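Enquirer: Please see the structure below; I have some questions.
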Amino acid sequence: MAIDFSIKVIVVDDMMTMRKIVSKNLKAMGFKNIVEAEDGAKAWSLLTQAADDGKPFGFIVSDWNMPKMDGLELLTKVRATDNLKETPFLMVTAEAESSNVLKVVKAGVSNFIVKPFTPDTLTGKVQKIFS
Amino acid sequence: MKTETFNQRYLAFTKPFVDSVKEIYSTMMATEIHQGKALYKREDIGFSHDYLTIMGISGTFTAQDEKHDFRGNLVLSWPLQTYLNTAGAMMQEEYTEINDEIADVGMEICNITMGGAKATLAQVGFSVDMSIPTSVSGNNIDISAQASATTILVPFSSDLGNFNLELNYEEPSEK
């Protein structure tokens with residue numbers, strides 16, 4: 001299945017560096033409509049607003065460790081909300097411990113990527129989610 | 001015997017951080033970094049860099065069913081030009097000054113270093129809690145060695161320039 005590059009994508013990370021790196025790689029893949037948020041709370045507000053407006057985001061890429069609302073809480077809220085729960089969710093994390101991986105898998109993550117990663121690794125994860 | 005045990009423990013504690021930094025540079029900056037001779041930092045080992053990021057570390061070390069609390073800090077520091085080169089390699093851009101876009105490159109490297117080390121540390125008995133890193137930039141910033149802690153300084157060289165990793169480690173119960 002080809003990826004629909006016109007979908008709205010939200011990239012969530014408290015570090016601007018990582019938001020820029022992820023956004024740049026997604027743009028290079030072909031995604032045209034990318035919005036950035038600095039924490040889970042801001043992302044949650046944007047996600048619910050967009051869904052209520054009938055223009056929902058089609059893909060979420062989120063860091064795990066963030067202030068205010070972390071990635072796991074954001075994922076849990078997304079999966080518990082009727083008009084958001086089907087949204088593909090890629091979790092980015094610096095922690096590769098298996099107990100953490102299990103937590104996000106149980107919470108319904110579409111895929112996860114461990115930092116540090118190469119552009120090819122990110123591209124591969126995204127393609128897998130949409131295949 | 002106590003000192004010997006502590007040193008062995010300290011070596012086991014340090015190596016995952018060094019390996020993690022190497023992997024970050026290799027993966028995200030396509031740069032091989034070379035580790036220099038590690039030094040125990042004393043007051044008289046002077047060095048100073050322009051950009052510095054610090055993360056507090058705390059946790060427990062378990063060996064032979066005995067738990068020891070520990071705390072410490074991870075510090076990464078770069079001269080300005082090395083920092084700009086590092087940020088440029090990571091973001092695939094060219095920078096001549098530290099701006100908003102690259103102000104947190106150091107903190108992100110610190111985060112990933114700790115995250116990568118954490119998994120390996122767990123395998124050798126360390127349970128670690130991470131804090132959120134902070135950064136300081138200026139001219140020739142130095143951090144004094146803490147008298148109560150063991151501090152090791154690991155210098156690195158690369159095509160992007162030289163930089164340092166510092167780890168201090170303290171077990172309150174061993175004082």
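Just so we're on the same page: first chain in the structure tokens is A, next is B, and so on; residues restart at 1 for each chain, and ligands are numbered from 1 in the order they show up.
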Identify all chain B residues at most 10 Å from chain A by counting only C-alpha atoms; ligands do not count. Present them as an MDAnalysis selection string.

Expert: chainID B and resid 20:21 23:30 87 90:92 100:109 111:120 122 132

Enquirer: Rounded to one decimal place, report the atom CA of Leu39 of chain B-atom CA of Ala149 of chain B distance in Å.

Expert: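 Atom CA of Ala149 of chain B lies 14.1 Å from atom CA of Leu39 of chain B.
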
Enquirer: For the atom pair atom CA of Ile129 of chain A and atom CA of Val12 of chain A, what is the interatomic distance in Å to one decimal place?

Expert: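 That distance, rounded to one decimal, is 17.5 Å.
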
Enquirer: Would you pick out the contacts of Ala80 of chain A at 12 Å or less, using only C-alpha atoms, so that residues sharing its chain but fewer than 6 positions from it are not included, and give the list as number ranges by chain?

Expert: A: 73-74, 86-87, 107-108

Enquirer: How would you write, as a ChimeraX atom specification, the set of residues in chain B that DSSP gives as alpha helix (DSSP H)?

Expert: /B:2-28,80-91,105-123

Enquirer: Tell me which of B:Ala12, B:Leu52, B:Ala38, B:Leu121 sits closest to Ser77 of chain B, counting only C-alpha atoms.

Expert: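 Looking at the shortest contact to Ser77 of chain B, the residue is B:Leu52.
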
Enquirer: Would you please give, as an NGL selection string, all residues of segment 66-131 of chain A that DSSP assigns to strand (DSSP E) based on the backbone?

Expert: :A and (89-93 or 111-114)

Enquirer: Those residues with N, CA and C atoms, as an mmCIF file, in the first residue's frame please?

Expert:
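New file again_39.cif:
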```
data_model
loop_
_atom_site.group_PDB
_atom_site.id
_atom_site.type_symbol
_atom_site.label_atom_id
_atom_site.label_comp_id
_atom_site.auth_asym_id
_atom_site.auth_seq_id
_atom_site.Cartn_x
_atom_site.Cartn_y
_atom_site.Cartn_z
ATOM 1 N N PHE A 89 0.867 5.406 15.381
ATOM 2 C CA PHE A 89 1.649 6.082 16.421
ATOM 3 C C PHE A 89 3.039 5.462 16.467
ATOM 4 N N LEU A 90 4.049 6.259 16.131
ATOM 5 C CA LEU A 90 5.449 5.808 16.223
ATOM 6 C C LEU A 90 6.085 6.440 17.459
ATOM 7 N N MET A 91 6.545 5.607 18.380
ATOM 8 C CA MET A 91 7.176 6.117 19.611
ATOM 9 C C MET A 91 8.693 6.160 19.424
ATOM 10 N N VAL A 92 9.282 7.286 19.789
ATOM 11 C CA VAL A 92 10.736 7.443 19.726
ATOM 12 C C VAL A 92 11.257 7.454 21.156
ATOM 13 N N THR A 93 12.219 6.634 21.438
ATOM 14 C CA THR A 93 12.711 6.581 22.823
ATOM 15 C C THR A 93 14.221 6.387 22.885
ATOM 16 N N ASN A 111 4.595 1.220 16.202
ATOM 17 C CA ASN A 111 5.987 0.794 16.104
ATOM 18 C C ASN A 111 6.805 1.723 17.004
ATOM 19 N N PHE A 112 8.045 1.360 17.268
ATOM 20 C CA PHE A 112 8.884 2.245 18.074
ATOM 21 C C PHE A 112 10.296 2.251 17.509
ATOM 22 N N ILE A 113 11.005 3.325 17.807
ATOM 23 C CA ILE A 113 12.366 3.472 17.302
ATOM 24 C C ILE A 113 13.251 3.943 18.457
ATOM 25 N N VAL A 114 14.412 3.309 18.576
ATOM 26 C CA VAL A 114 15.312 3.639 19.682
ATOM 27 C C VAL A 114 16.410 4.584 19.184
#
```
